[in-house]
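Visitor: Here you go, this is entry35.cif (mmCIF, C-alpha atoms).
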```cif
data_run
#
loop_
_atom_site.label_atom_id
_atom_site.label_comp_id
_atom_site.auth_asym_id
_atom_site.auth_seq_id
_atom_site.Cartn_x
_atom_site.Cartn_y
_atom_site.Cartn_z
CA MET A 1271 23.13 26.48 8.33
CA VAL A 1272 24.68 25.98 4.91
CA ASP A 1273 23.26 28.17 2.18
CA GLU A 1274 20.71 26.06 0.28
CA ARG A 1275 21.65 27.70 -3.02
CA THR A 1276 25.31 26.73 -2.98
CA PRO A 1277 25.81 23.27 -1.44
CA ARG A 1278 29.05 22.03 -2.99
CA THR A 1279 30.24 18.90 -1.24
CA ALA A 1280 28.30 15.86 -0.07
CA ARG A 1281 29.02 16.87 3.53
CA GLU A 1282 27.51 20.31 3.01
CA ARG A 1283 24.44 18.77 1.42
CA ILE A 1284 23.96 16.43 4.39
CA VAL A 1285 24.40 19.31 6.84
CA SER A 1286 21.85 21.34 4.86
CA ASP A 1287 19.32 18.48 4.90
CA VAL A 1288 19.72 17.91 8.64
CA ASP A 1289 19.30 21.64 9.35
CA ARG A 1290 16.12 21.85 7.29
CA MET A 1291 14.59 18.78 8.94
CA CYS A 1292 15.42 20.02 12.45
CA ARG A 1293 14.22 23.57 11.86
CA GLY A 1294 11.18 22.77 9.76
CA VAL A 1295 11.97 25.37 7.10
CA GLY A 1296 11.51 25.03 3.36
CA ASP A 1297 10.49 21.92 1.52
CA VAL A 1298 11.14 18.52 3.03
CA PRO A 1299 14.60 17.48 1.72
CA VAL A 1300 14.02 13.73 2.16
CA ALA A 1301 11.10 11.64 0.98
CA GLU A 1302 9.26 9.30 3.33
CA LEU A 1303 11.17 6.11 4.02
CA SER A 1304 10.04 3.05 2.14
CA ASP A 1305 8.99 -0.05 4.06
CA ARG A 1306 12.29 -1.71 3.16
CA SER A 1307 14.46 1.14 4.47
CA ALA A 1308 12.26 1.46 7.57
CA LEU A 1309 12.98 -2.19 8.38
CA LEU A 1310 16.71 -1.58 8.05
CA VAL A 1311 16.56 1.50 10.28
CA ALA A 1312 14.54 -0.46 12.85
CA CYS A 1313 17.33 -3.06 12.93
CA GLY A 1314 19.44 -0.48 14.74
CA LEU A 1315 17.17 -0.90 17.78
CA VAL A 1316 16.86 -4.70 17.98
CA GLU A 1317 19.13 -7.59 18.87
CA PRO A 1318 21.71 -8.79 16.32
CA ARG A 1319 19.95 -12.14 15.91
CA ILE A 1320 16.78 -10.35 14.75
CA THR A 1321 18.86 -8.17 12.43
CA ASP A 1322 20.46 -11.25 10.86
CA VAL A 1323 17.05 -12.74 10.07
CA VAL A 1324 15.76 -9.45 8.63
CA LEU A 1325 18.81 -9.07 6.38
CA THR A 1326 18.58 -12.68 5.23
CA ARG A 1327 14.91 -12.25 4.31
CA LEU A 1328 15.62 -8.98 2.48
CA HIS A 1329 18.55 -10.46 0.56
CA GLN A 1330 16.29 -13.33 -0.54
CA ASN A 1331 13.48 -10.90 -1.47
CA MET A 1332 11.13 -12.40 1.10
CA ALA A 1333 8.17 -10.33 2.22
CA PHE A 1334 7.24 -8.81 5.57
CA PRO A 1335 3.72 -7.95 6.77
CA THR A 1336 3.41 -4.33 5.65
CA VAL A 1337 0.15 -3.55 7.57
CA GLY A 1338 -0.64 -0.88 5.00
CA GLY A 1339 2.67 0.99 5.27
CA PHE A 1340 5.09 1.33 8.19
CA ASN A 1341 5.02 5.15 8.05
CA GLN A 1342 1.58 5.26 9.72
CA ILE A 1343 2.96 3.42 12.77
CA ARG A 1344 5.26 6.32 13.63
CA ILE A 1345 2.46 8.87 13.26
CA ILE A 1346 0.25 6.90 15.65
CA GLU A 1347 3.13 6.52 18.11
CA GLU A 1348 3.87 10.26 18.14
CA GLN A 1349 0.21 11.07 18.76
CA ARG A 1350 0.13 8.59 21.65
CA HIS A 1351 3.25 10.19 23.12
CA ASP A 1352 1.75 13.70 22.88
CA LEU A 1353 -1.53 12.57 24.43
CA ARG A 1354 0.19 10.92 27.40
CA ARG A 1355 2.29 14.02 27.97
CA ILE A 1356 -0.75 16.37 27.89
CA ILE A 1357 -2.85 14.10 30.12
CA ALA A 1358 -0.05 14.13 32.70
CA THR A 1359 -0.37 17.95 32.95
CA PRO A 1360 -3.17 19.87 34.72
CA VAL A 1361 -5.95 20.19 32.12
CA PRO A 1362 -9.75 20.62 32.41
CA SER A 1363 -11.65 17.42 33.12
CA VAL A 1364 -13.64 17.66 29.87
CA LEU A 1365 -10.46 17.91 27.83
CA ARG A 1366 -8.83 15.12 29.84
CA MET A 1367 -11.79 12.82 29.14
CA ALA A 1368 -11.71 13.58 25.43
CA LEU A 1369 -7.95 13.01 25.28
CA ARG A 1370 -8.24 9.69 27.11
CA THR A 1371 -10.90 8.57 24.63
CA ARG A 1372 -8.62 9.53 21.75
CA LEU A 1373 -5.66 7.77 23.38
CA ALA A 1374 -7.70 4.59 23.83
CA ASP A 1375 -8.62 4.68 20.14
CA LEU A 1376 -4.97 5.11 19.11
CA ASP A 1377 -3.90 2.32 21.48
CA ARG A 1378 -6.47 0.06 19.87
CA ARG A 1379 -5.22 0.92 16.38
CA TYR A 1380 -1.60 0.38 17.41
CA LEU A 1381 -2.42 -3.00 18.95
CA LEU A 1382 -4.37 -3.98 15.83
CA LEU A 1383 -1.42 -3.17 13.58
CA ARG A 1384 0.99 -4.93 15.95
CA THR A 1385 -1.18 -8.04 15.97
CA GLY A 1386 -1.35 -8.07 12.18
CA PHE A 1387 2.44 -7.78 11.96
CA THR A 1388 3.25 -10.42 14.57
CA ARG A 1389 0.78 -12.95 13.21
CA GLY A 1390 2.18 -12.48 9.72
CA ALA A 1391 -0.63 -14.33 7.96
CA GLY A 1392 0.62 -15.59 4.62
CA VAL A 1393 4.17 -14.35 5.27
CA PHE A 1394 5.70 -16.28 8.17
CA ALA A 1395 5.46 -20.04 8.55
CA PHE A 1396 3.01 -21.32 11.14
CA ARG A 1397 3.21 -25.12 10.81
CA ILE A 1398 5.90 -26.87 12.87
CA LYS A 1399 7.39 -28.50 9.80
CA ASP A 1400 7.63 -25.21 7.89
CA ILE A 1401 9.00 -23.37 10.92
CA ARG A 1402 11.84 -25.88 11.24
CA VAL A 1403 12.68 -25.50 7.56
CA ASP A 1404 12.71 -21.68 7.81
CA ARG A 1405 14.88 -21.81 10.92
CA ARG A 1406 17.45 -23.92 9.12
CA ARG A 1407 17.43 -21.36 6.34
CA GLY A 1408 17.72 -18.51 8.87
CA VAL A 1409 14.58 -16.70 7.73
CA HIS A 1410 12.15 -17.36 10.60
CA LEU A 1411 11.24 -14.83 13.30
CA ASP A 1412 9.47 -15.95 16.45
CA THR A 1413 6.35 -14.09 17.49
CA ASP A 1414 8.14 -12.24 20.32
CA ASP A 1415 10.90 -11.13 17.94
CA ARG A 1416 8.31 -9.85 15.47
CA GLY A 1417 6.79 -7.81 18.28
CA ARG A 1418 10.19 -6.31 19.13
CA LEU A 1419 10.77 -5.47 15.47
CA PHE A 1420 7.35 -3.81 15.23
CA ASP A 1421 8.03 -1.69 18.33
CA ALA A 1422 11.33 -0.66 16.74
CA LEU A 1423 9.46 0.35 13.58
CA ALA A 1424 7.43 2.73 15.76
CA SER A 1425 10.70 4.59 16.50
CA THR A 1426 11.71 5.10 12.88
CA PRO A 1427 11.65 8.76 11.74
CA THR A 1428 9.02 10.33 9.51
CA MET A 1429 8.49 13.75 7.98
CA ALA A 1430 4.76 13.21 7.44
CA PRO A 1431 2.50 15.77 9.15
CA VAL A 1432 1.22 14.48 12.50
CA PRO A 1433 -2.36 15.56 13.33
CA LEU A 1434 -2.34 18.15 16.08
CA VAL A 1435 -3.56 16.99 19.48
CA PRO A 1436 -5.98 19.53 21.06
CA ARG A 1437 -4.37 21.25 24.05
CA THR A 1438 -7.18 23.61 25.07
CA LEU A 1439 -10.98 23.53 25.23
CA ALA A 1440 -11.15 25.93 22.27
CA GLU A 1441 -9.04 23.61 20.12
CA LEU A 1442 -11.12 20.65 21.28
CA GLY A 1443 -14.31 22.43 20.21
CA THR A 1444 -12.84 23.32 16.83
CA ALA A 1445 -11.74 19.73 16.28
CA ALA A 1446 -15.19 18.42 17.25
CA ALA A 1447 -16.93 20.89 14.93
CA ALA A 1448 -14.62 20.01 12.03
CA TYR A 1449 -15.26 16.31 12.63
CA GLY A 1450 -19.02 16.87 12.66
CA GLN A 1451 -18.84 18.83 9.44
CA ARG A 1452 -16.84 16.07 7.74
CA GLU A 1453 -19.30 13.42 8.91
CA MET A 1454 -22.26 15.52 7.70
CA GLY A 1455 -20.64 15.69 4.28
CA ARG A 1456 -20.73 11.88 4.04
CA VAL A 1457 -24.48 11.69 4.68
CA VAL A 1458 -26.81 11.61 1.65
CA LEU A 1459 -29.19 14.52 2.23
CA PRO A 1460 -32.11 15.90 0.16
CA PRO A 1461 -31.06 18.59 -2.34
CA ARG A 1462 -32.73 21.37 -0.35
CA VAL A 1463 -30.87 20.38 2.84
CA GLN A 1464 -27.62 20.03 0.91
CA SER A 1465 -27.89 23.58 -0.37
CA VAL A 1466 -28.45 24.85 3.17
CA VAL A 1467 -25.43 22.94 4.51
CA GLN A 1468 -23.23 24.17 1.66
CA SER A 1469 -24.29 27.76 2.33
CA LEU A 1470 -23.02 27.57 5.92
CA PRO A 1471 -19.57 29.06 6.55
CA SER A 1472 -16.89 26.41 6.67
CA LEU A 1473 -15.53 25.76 10.13
CA PRO A 1474 -11.79 26.15 10.62
CA GLN A 1475 -9.91 22.91 11.05
CA ILE A 1476 -6.82 22.31 13.13
CA ARG A 1477 -4.06 21.70 10.65
CA ALA A 1478 -1.01 19.66 11.51
CA ASP A 1479 1.98 21.41 13.02
CA ARG A 1480 4.88 22.14 10.72
CA ARG A 1481 6.92 18.95 10.82
CA ARG A 1482 10.21 19.15 12.68
CA ILE A 1483 12.57 16.39 13.76
CA PRO A 1484 13.59 17.02 17.38
CA GLU A 1485 17.33 16.45 17.06
CA MET A 1486 20.08 15.86 14.54
CA TYR A 1487 20.60 12.15 15.20
CA THR A 1488 17.06 11.25 14.12
CA ALA A 1489 17.40 13.62 11.16
CA MET A 1490 20.59 11.82 10.13
CA ILE A 1491 18.75 8.48 10.38
CA MET A 1492 16.12 9.90 8.02
CA GLU A 1493 18.88 11.04 5.66
CA VAL A 1494 20.56 7.62 5.60
CA GLY A 1495 17.28 5.81 4.95
CA GLY A 1496 16.51 8.22 2.15
CA LEU A 1497 19.93 7.57 0.58
CA TYR A 1498 19.18 3.85 0.57
CA ASP A 1499 15.90 4.43 -1.26
CA ARG A 1500 17.67 6.66 -3.79
CA LEU A 1501 20.25 3.95 -4.39
CA LEU A 1502 17.57 1.34 -5.12
CA ARG A 1503 15.88 3.69 -7.57
CA ALA A 1504 19.22 4.31 -9.28
CA TYR A 1505 19.76 0.55 -9.55
CA ALA A 1506 16.38 0.18 -11.26
CA ARG A 1507 17.09 3.03 -13.68
CA GLY A 1508 20.71 2.20 -14.46
CA GLY A 1509 20.31 -1.53 -15.12
CA ARG A 1510 23.52 -3.15 -16.33
CA SER A 1511 25.47 0.11 -16.21
CA VAL A 1512 25.49 -0.03 -12.37
CA GLU A 1513 25.69 -3.80 -12.04
CA GLU A 1514 29.29 -3.66 -10.78
CA VAL A 1515 28.21 -1.54 -7.80
CA ARG A 1516 25.29 -3.83 -7.04
CA LEU A 1517 27.61 -6.86 -6.96
CA GLN A 1518 30.37 -5.27 -4.84
CA PHE A 1519 28.40 -3.16 -2.35
CA ASP A 1520 26.02 -4.30 0.40
CA PRO A 1521 23.86 -1.23 1.18
CA GLU A 1522 21.64 -3.09 3.64
CA ASN A 1523 24.53 -3.71 6.04
CA GLU A 1524 25.67 -0.10 5.65
CA VAL A 1525 22.24 1.24 6.60
CA VAL A 1526 21.97 -1.14 9.56
CA GLY A 1527 25.43 -0.13 10.79
CA LEU A 1528 24.74 3.58 10.48
CA ALA A 1529 21.29 3.26 12.06
CA GLY A 1530 22.74 1.30 14.98
CA ASP A 1531 25.38 3.96 15.70
CA LEU A 1532 22.88 6.80 15.36
CA CYS A 1533 20.36 5.09 17.64
CA ARG A 1534 23.05 4.62 20.28
CA LEU A 1535 23.99 8.28 19.99
CA ARG A 1536 20.35 9.31 20.33
CA GLU A 1537 19.90 7.14 23.42
CA ALA A 1538 23.11 8.46 24.98
CA ALA A 1539 22.02 12.07 24.41
CA ALA A 1540 18.59 11.39 25.95
CA ALA A 1541 20.12 9.62 28.97
CA ALA A 1542 22.67 12.36 29.57
CA GLY A 1543 19.97 15.04 29.57
CA VAL A 1544 21.92 17.15 27.07
CA PRO A 1545 19.80 19.20 24.65
CA PRO A 1546 20.93 17.48 21.42
CA ALA A 1547 21.28 20.29 18.88
CA ARG A 1548 17.62 21.15 18.55
CA ASP A 1549 18.39 23.95 16.12
CA GLY A 1550 20.16 21.78 13.58
CA PHE A 1551 23.48 20.21 12.83
CA THR A 1552 26.55 20.67 15.02
CA THR A 1553 29.81 18.79 15.44
CA LEU A 1554 29.76 19.18 19.24
CA THR A 1555 27.40 16.76 20.94
CA GLY A 1556 27.89 18.13 24.45
CA MET A 1557 28.67 14.63 25.76
CA GLY A 1558 32.45 14.77 25.74
CA GLU A 1559 35.31 14.35 23.29
CA ALA A 1560 34.86 10.59 22.95
CA ILE A 1561 31.26 10.95 21.73
CA ASP A 1562 32.27 13.87 19.50
CA GLY A 1563 34.85 11.60 17.85
CA VAL A 1564 32.28 8.88 17.24
CA TRP A 1565 29.84 11.44 15.83
CA ALA A 1566 32.51 12.68 13.42
CA GLU A 1567 33.16 9.12 12.23
CA VAL A 1568 29.44 8.53 11.69
CA ILE A 1569 29.22 11.73 9.65
CA GLU A 1570 32.13 10.69 7.46
CA ARG A 1571 30.55 7.29 6.87
CA ALA A 1572 27.27 8.95 5.87
CA VAL A 1573 29.13 11.37 3.59
CA ALA A 1574 30.89 8.46 1.85
CA PHE A 1575 27.52 6.72 1.45
CA ARG A 1576 25.99 9.83 -0.11
CA GLU A 1577 28.92 10.30 -2.48
CA LEU A 1578 28.55 6.71 -3.67
CA VAL A 1579 24.79 7.10 -4.14
CA GLU A 1580 25.23 10.31 -6.12
CA SER A 1581 27.84 8.64 -8.34
CA VAL A 1582 25.49 5.72 -9.02
CA GLU A 1583 22.66 8.18 -9.78
CA ALA A 1584 24.90 10.03 -12.23
CA ARG A 1585 25.86 6.82 -14.03
CA ALA A 1586 22.23 5.71 -14.13
CA ALA A 1587 21.16 9.07 -15.57
CA LEU A 1588 23.88 8.77 -18.21
CA ALA A 1589 22.68 5.28 -19.13
CA VAL A 1590 19.09 6.52 -19.41
CA SER A 1591 20.08 9.42 -21.67
CA GLU A 1592 22.18 7.11 -23.86
CA ALA A 1593 19.29 4.67 -24.15
CA ALA A 1594 16.98 7.53 -25.13
CA ARG A 1595 19.46 8.63 -27.83
CA VAL A 1596 19.63 5.11 -29.29
CA ASP A 1597 15.83 4.88 -29.21
CA ASP A 1598 15.52 8.12 -31.18
CA ILE A 1599 17.91 6.81 -33.82
CA ALA A 1600 15.93 3.58 -34.07
CA ARG A 1601 12.64 5.45 -34.49
CA GLU A 1602 14.11 7.66 -37.21
CA ASN A 1603 15.07 4.54 -39.16
CA GLY A 1604 11.74 2.78 -38.64
CA VAL A 1605 13.12 0.20 -36.21
CA ARG A 1606 11.60 -0.78 -32.89
CA PRO A 1607 13.48 1.01 -30.06
CA PRO A 1608 15.72 -1.42 -28.15
CA SER A 1609 14.49 -0.26 -24.77
CA GLY A 1610 10.82 -0.30 -25.73
CA ALA A 1611 8.51 -2.99 -24.53
CA TYR A 1612 7.88 -5.69 -27.13
CA ALA A 1613 4.28 -5.56 -28.39
CA PRO A 1614 3.57 -8.30 -30.98
CA THR A 1615 1.45 -7.39 -34.00
CA PRO A 1616 -1.43 -9.60 -35.26
CA ALA A 1617 0.90 -10.86 -38.00
CA ASP A 1618 3.50 -11.82 -35.38
CA LEU A 1619 0.89 -13.73 -33.39
CA ALA A 1620 -0.37 -15.51 -36.51
CA ALA A 1621 3.18 -16.44 -37.53
CA GLU A 1622 3.89 -17.83 -34.07
CA HIS A 1623 0.71 -19.91 -34.14
CA LEU A 1624 1.46 -21.26 -37.63
CA ALA A 1625 5.08 -22.04 -36.73
CA ALA A 1626 3.89 -24.07 -33.76
CA ARG A 1627 1.98 -26.36 -36.16
CA ALA A 1628 4.94 -26.97 -38.50
CA GLY A 1629 5.37 -30.53 -37.20
CA ASP A 1630 1.73 -31.42 -37.94
CA ARG A 1631 2.08 -30.17 -41.50
CA MET A 1632 5.28 -32.12 -42.05
CA LEU A 1633 3.78 -35.37 -40.74
CA SER A 1634 0.68 -34.89 -42.86
CA THR A 1635 2.72 -34.29 -46.00
CA ASP A 1636 4.90 -37.38 -45.41
CA ALA A 1637 1.82 -39.54 -44.75
CA MET A 1638 0.12 -38.47 -47.99
CA ARG A 1639 3.24 -39.12 -50.08
CA ARG A 1640 3.75 -42.52 -48.48
CA LEU A 1641 0.12 -43.48 -49.24
CA ARG A 1642 0.46 -42.28 -52.85
CA GLY A 1643 3.58 -44.42 -53.21
CA GLN A 1644 1.58 -47.48 -52.16
CA LEU A 1645 -1.15 -46.77 -54.73
CA ASP A 1646 1.13 -45.89 -57.62
CA PRO A 1647 4.61 -47.33 -56.99
CA ASP A 1648 5.79 -46.62 -60.56
CA ARG A 1649 5.34 -42.87 -60.25
#
```
Now that the file is in, can you turn its structure into structure tokens?
Guide:
Amino acid sequence: MVDERTPRTARERIVSDVDRMCRGVGDVPVAELSDRSALLVACGLVEPRITDVVLTRLHQNMAFPTVGGFNQIRIIEEQRHDLRRIIATPVPSVLRMALRTRLADLDRRYLLLRTGFTRGAGVFAFRIKDIRVDRRRGVHLDTDDRGRLFDALASTPTMAPVPLVPRTLAELGTAAAAYGQREMGRVVLPPRVQSVVQSLPSLPQIRADRRRIPEMYTAMIMEVGGLYDRLLRAYARGGRSVEEVRLQFDPENEVVGLAGDLCRLREAAAAAGVPPARDGFTTLTGMGEAIDGVWAEVIERAVAFRELVESVEARAALAVSEAARVDDIARENGVRPPSGAYAPTPADLAAEHLAARAGDRMLSTDAMRRLRGQLDPDR
């Protein structure tokens, strides 16, 4: 693992981030993926025709059903996976019953979110006429394709803590006690009863496991999605100073291409039964020289992407500092800062209102002079 204190090149920084995500040590190096980047990562798992529609909608700033944030879908999916795996093992019948009840609740929540996404109320066209128009524009997704895209979103990575699934009767009892205590706290009780409840020792709660990404391919997907979010933030901060990059570079296609390659690598590693670098980053995939060569090319592409993002961030930071310097000079001279939001004063509002009535005043003045000329033509 590269020393966190001295990462010099973009490659070393990517290797450091992947190691930290796979090992679960230190602070999380990458923020949670935004809904936009999660959609792009999910495109690596769906058919090209679905990807084309998603990219077209994103390029035209068209919305998708967010269902309250795509990051919660992955958390629910991981809990469902853990529950199925534990239920398949020999466990006490009481624990098995409780886990099946929990799994049914998560299945219901997943289906509810999937239904909300596929219906797309207020987002996707539902009338035949509107559907035909959207298809000609290349922005319509059929219901089945929306379902496939949602299932792909459930495979996008996340670094959010996943609630721990009870594996023993003791953990199940602790979880039940903690749940009862939380529910009791929501009930409005008389003051005397409240004081008694507050005096009771707090029950320990099962905290989430320390978050770890199982292998380096998923960690690299998380890294690429995070780079895309950083680039969008740099665009917003830099404004016109980074406009040339915005016009010449298509980051959406880059993220989709990288995500597609990484998803294929992840699937190949799972199918081959090779433990895919569970301890962090490595250049050897264990699947042969051909796959190692592809992995090296993917790394270089991600390194180039990170270098570009960091350059855009540097230019945006320079533009922000220059704008702050100009603003300070303007304030020192009693002038409104150029980058400040315009806030009209009462005098400005009055002047605008009076200027809007200039035509009425002119017509009134001309009418009075014309009438006076009729009454006193000699003057």
Visitor: For a test of reading the model, state the distance in Å between CA of Gly1296 (chain A) and CA of Arg1482 (chain A), rounded to one decimal.
Guide: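 We find that CA of Gly1296 (chain A) and CA of Arg1482 (chain A) lie 11.1 Å from each other.
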Visitor: Select, from A:Leu1419, A:Leu1411, A:Ile1346, A:Val1361, the residue with the minimum atom-to-atom distance to Leu1382 (chain A), counting all atoms listed in the file.
Guide: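 Of all the options, A:Ile1346 lies closest to Leu1382 (chain A).
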Visitor: Just the residues within 12 Å of region 1528-1539 of chain A, please, counting only C-alpha atoms, with nothing from its chain fewer than 5 positions along; format it as number ranges by chain.
Guide: A: 1307-1318, 1321, 1422, 1425-1427, 1484-1495, 1497-1498, 1521-1523, 1544-1548, 1554-1558, 1560-1575
Visitor: CA of Gly1294 (chain A) to CA of Arg1281 (chain A): how many Å, to one decimal?
Guide: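 Those two atoms sit 19.8 Å apart.
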Visitor: Calculate how many Å separate CA of Leu1501 (chain A) from CA of Val1579 (chain A), rounding to one decimal.
Guide: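 CA of Val1579 (chain A) lies at a distance of 5.5 Å from CA of Leu1501 (chain A).
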Visitor: Please determine, counting all atoms listed in the file, which residue among A:Arg1405, A:Pro1436, A:Ala1395, A:Phe1334 has the shortest atom-to-atom distance to Ile1356 (chain A).
Guide: A:Pro1436
Visitor: Provide region 1514-1533 of chain A rebuilt to N, CA and C atoms, formatted as a PDB file, in the frame of the given file.
Guide:
```pdb
ATOM      1  N   GLU A1514      28.058  -3.432 -11.544  1.00  0.00           N
ATOM      2  CA  GLU A1514      29.290  -3.660 -10.780  1.00  0.00           C
ATOM      3  C   GLU A1514      29.156  -3.146  -9.356  1.00  0.00           C
ATOM      4  N   VAL A1515      28.434  -2.048  -9.150  1.00  0.00           N
ATOM      5  CA  VAL A1515      28.210  -1.540  -7.800  1.00  0.00           C
ATOM      6  C   VAL A1515      27.272  -2.470  -7.035  1.00  0.00           C
ATOM      7  N   ARG A1516      26.236  -2.945  -7.701  1.00  0.00           N
ATOM      8  CA  ARG A1516      25.290  -3.830  -7.040  1.00  0.00           C
ATOM      9  C   ARG A1516      25.966  -5.108  -6.556  1.00  0.00           C
ATOM     10  N   LEU A1517      26.955  -5.616  -7.318  1.00  0.00           N
ATOM     11  CA  LEU A1517      27.610  -6.860  -6.960  1.00  0.00           C
ATOM     12  C   LEU A1517      28.668  -6.670  -5.867  1.00  0.00           C
ATOM     13  N   GLN A1518      29.264  -5.482  -5.773  1.00  0.00           N
ATOM     14  CA  GLN A1518      30.370  -5.270  -4.840  1.00  0.00           C
ATOM     15  C   GLN A1518      29.963  -4.581  -3.539  1.00  0.00           C
ATOM     16  N   PHE A1519      28.783  -3.979  -3.496  1.00  0.00           N
ATOM     17  CA  PHE A1519      28.400  -3.160  -2.350  1.00  0.00           C
ATOM     18  C   PHE A1519      27.149  -3.734  -1.703  1.00  0.00           C
ATOM     19  N   ASP A1520      27.158  -3.794  -0.368  1.00  0.00           N
ATOM     20  CA  ASP A1520      26.020  -4.300   0.400  1.00  0.00           C
ATOM     21  C   ASP A1520      25.382  -3.120   1.143  1.00  0.00           C
ATOM     22  N   PRO A1521      24.424  -2.425   0.528  1.00  0.00           N
ATOM     23  CA  PRO A1521      23.860  -1.230   1.180  1.00  0.00           C
ATOM     24  C   PRO A1521      23.043  -1.554   2.411  1.00  0.00           C
ATOM     25  N   GLU A1522      22.453  -2.748   2.473  1.00  0.00           N
ATOM     26  CA  GLU A1522      21.640  -3.090   3.640  1.00  0.00           C
ATOM     27  C   GLU A1522      22.480  -3.087   4.917  1.00  0.00           C
ATOM     28  N   ASN A1523      23.668  -3.701   4.864  1.00  0.00           N
ATOM     29  CA  ASN A1523      24.530  -3.710   6.040  1.00  0.00           C
ATOM     30  C   ASN A1523      25.021  -2.311   6.396  1.00  0.00           C
ATOM     31  N   GLU A1524      25.240  -1.474   5.384  1.00  0.00           N
ATOM     32  CA  GLU A1524      25.670  -0.100   5.650  1.00  0.00           C
ATOM     33  C   GLU A1524      24.578   0.668   6.395  1.00  0.00           C
ATOM     34  N   VAL A1525      23.335   0.528   5.943  1.00  0.00           N
ATOM     35  CA  VAL A1525      22.240   1.240   6.600  1.00  0.00           C
ATOM     36  C   VAL A1525      22.044   0.740   8.022  1.00  0.00           C
ATOM     37  N   VAL A1526      22.124  -0.581   8.214  1.00  0.00           N
ATOM     38  CA  VAL A1526      21.970  -1.140   9.560  1.00  0.00           C
ATOM     39  C   VAL A1526      23.089  -0.640  10.477  1.00  0.00           C
ATOM     40  N   GLY A1527      24.312  -0.610   9.975  1.00  0.00           N
ATOM     41  CA  GLY A1527      25.430  -0.130  10.790  1.00  0.00           C
ATOM     42  C   GLY A1527      25.284   1.332  11.165  1.00  0.00           C
ATOM     43  N   LEU A1528      24.922   2.163  10.194  1.00  0.00           N
ATOM     44  CA  LEU A1528      24.740   3.580  10.480  1.00  0.00           C
ATOM     45  C   LEU A1528      23.567   3.815  11.426  1.00  0.00           C
ATOM     46  N   ALA A1529      22.465   3.099  11.187  1.00  0.00           N
ATOM     47  CA  ALA A1529      21.290   3.260  12.060  1.00  0.00           C
ATOM     48  C   ALA A1529      21.605   2.838  13.481  1.00  0.00           C
ATOM     49  N   GLY A1530      22.378   1.739  13.638  1.00  0.00           N
ATOM     50  CA  GLY A1530      22.740   1.300  14.980  1.00  0.00           C
ATOM     51  C   GLY A1530      23.560   2.342  15.719  1.00  0.00           C
ATOM     52  N   ASP A1531      24.562   2.920  15.050  1.00  0.00           N
ATOM     53  CA  ASP A1531      25.380   3.960  15.700  1.00  0.00           C
ATOM     54  C   ASP A1531      24.550   5.189  16.036  1.00  0.00           C
ATOM     55  N   LEU A1532      23.688   5.606  15.117  1.00  0.00           N
ATOM     56  CA  LEU A1532      22.880   6.800  15.360  1.00  0.00           C
ATOM     57  C   LEU A1532      21.862   6.580  16.480  1.00  0.00           C
ATOM     58  N   CYS A1533      21.293   5.387  16.538  1.00  0.00           N
ATOM     59  CA  CYS A1533      20.360   5.090  17.640  1.00  0.00           C
ATOM     60  C   CYS A1533      21.070   5.104  18.990  1.00  0.00           C
TER      61      CYS A1533
END
```
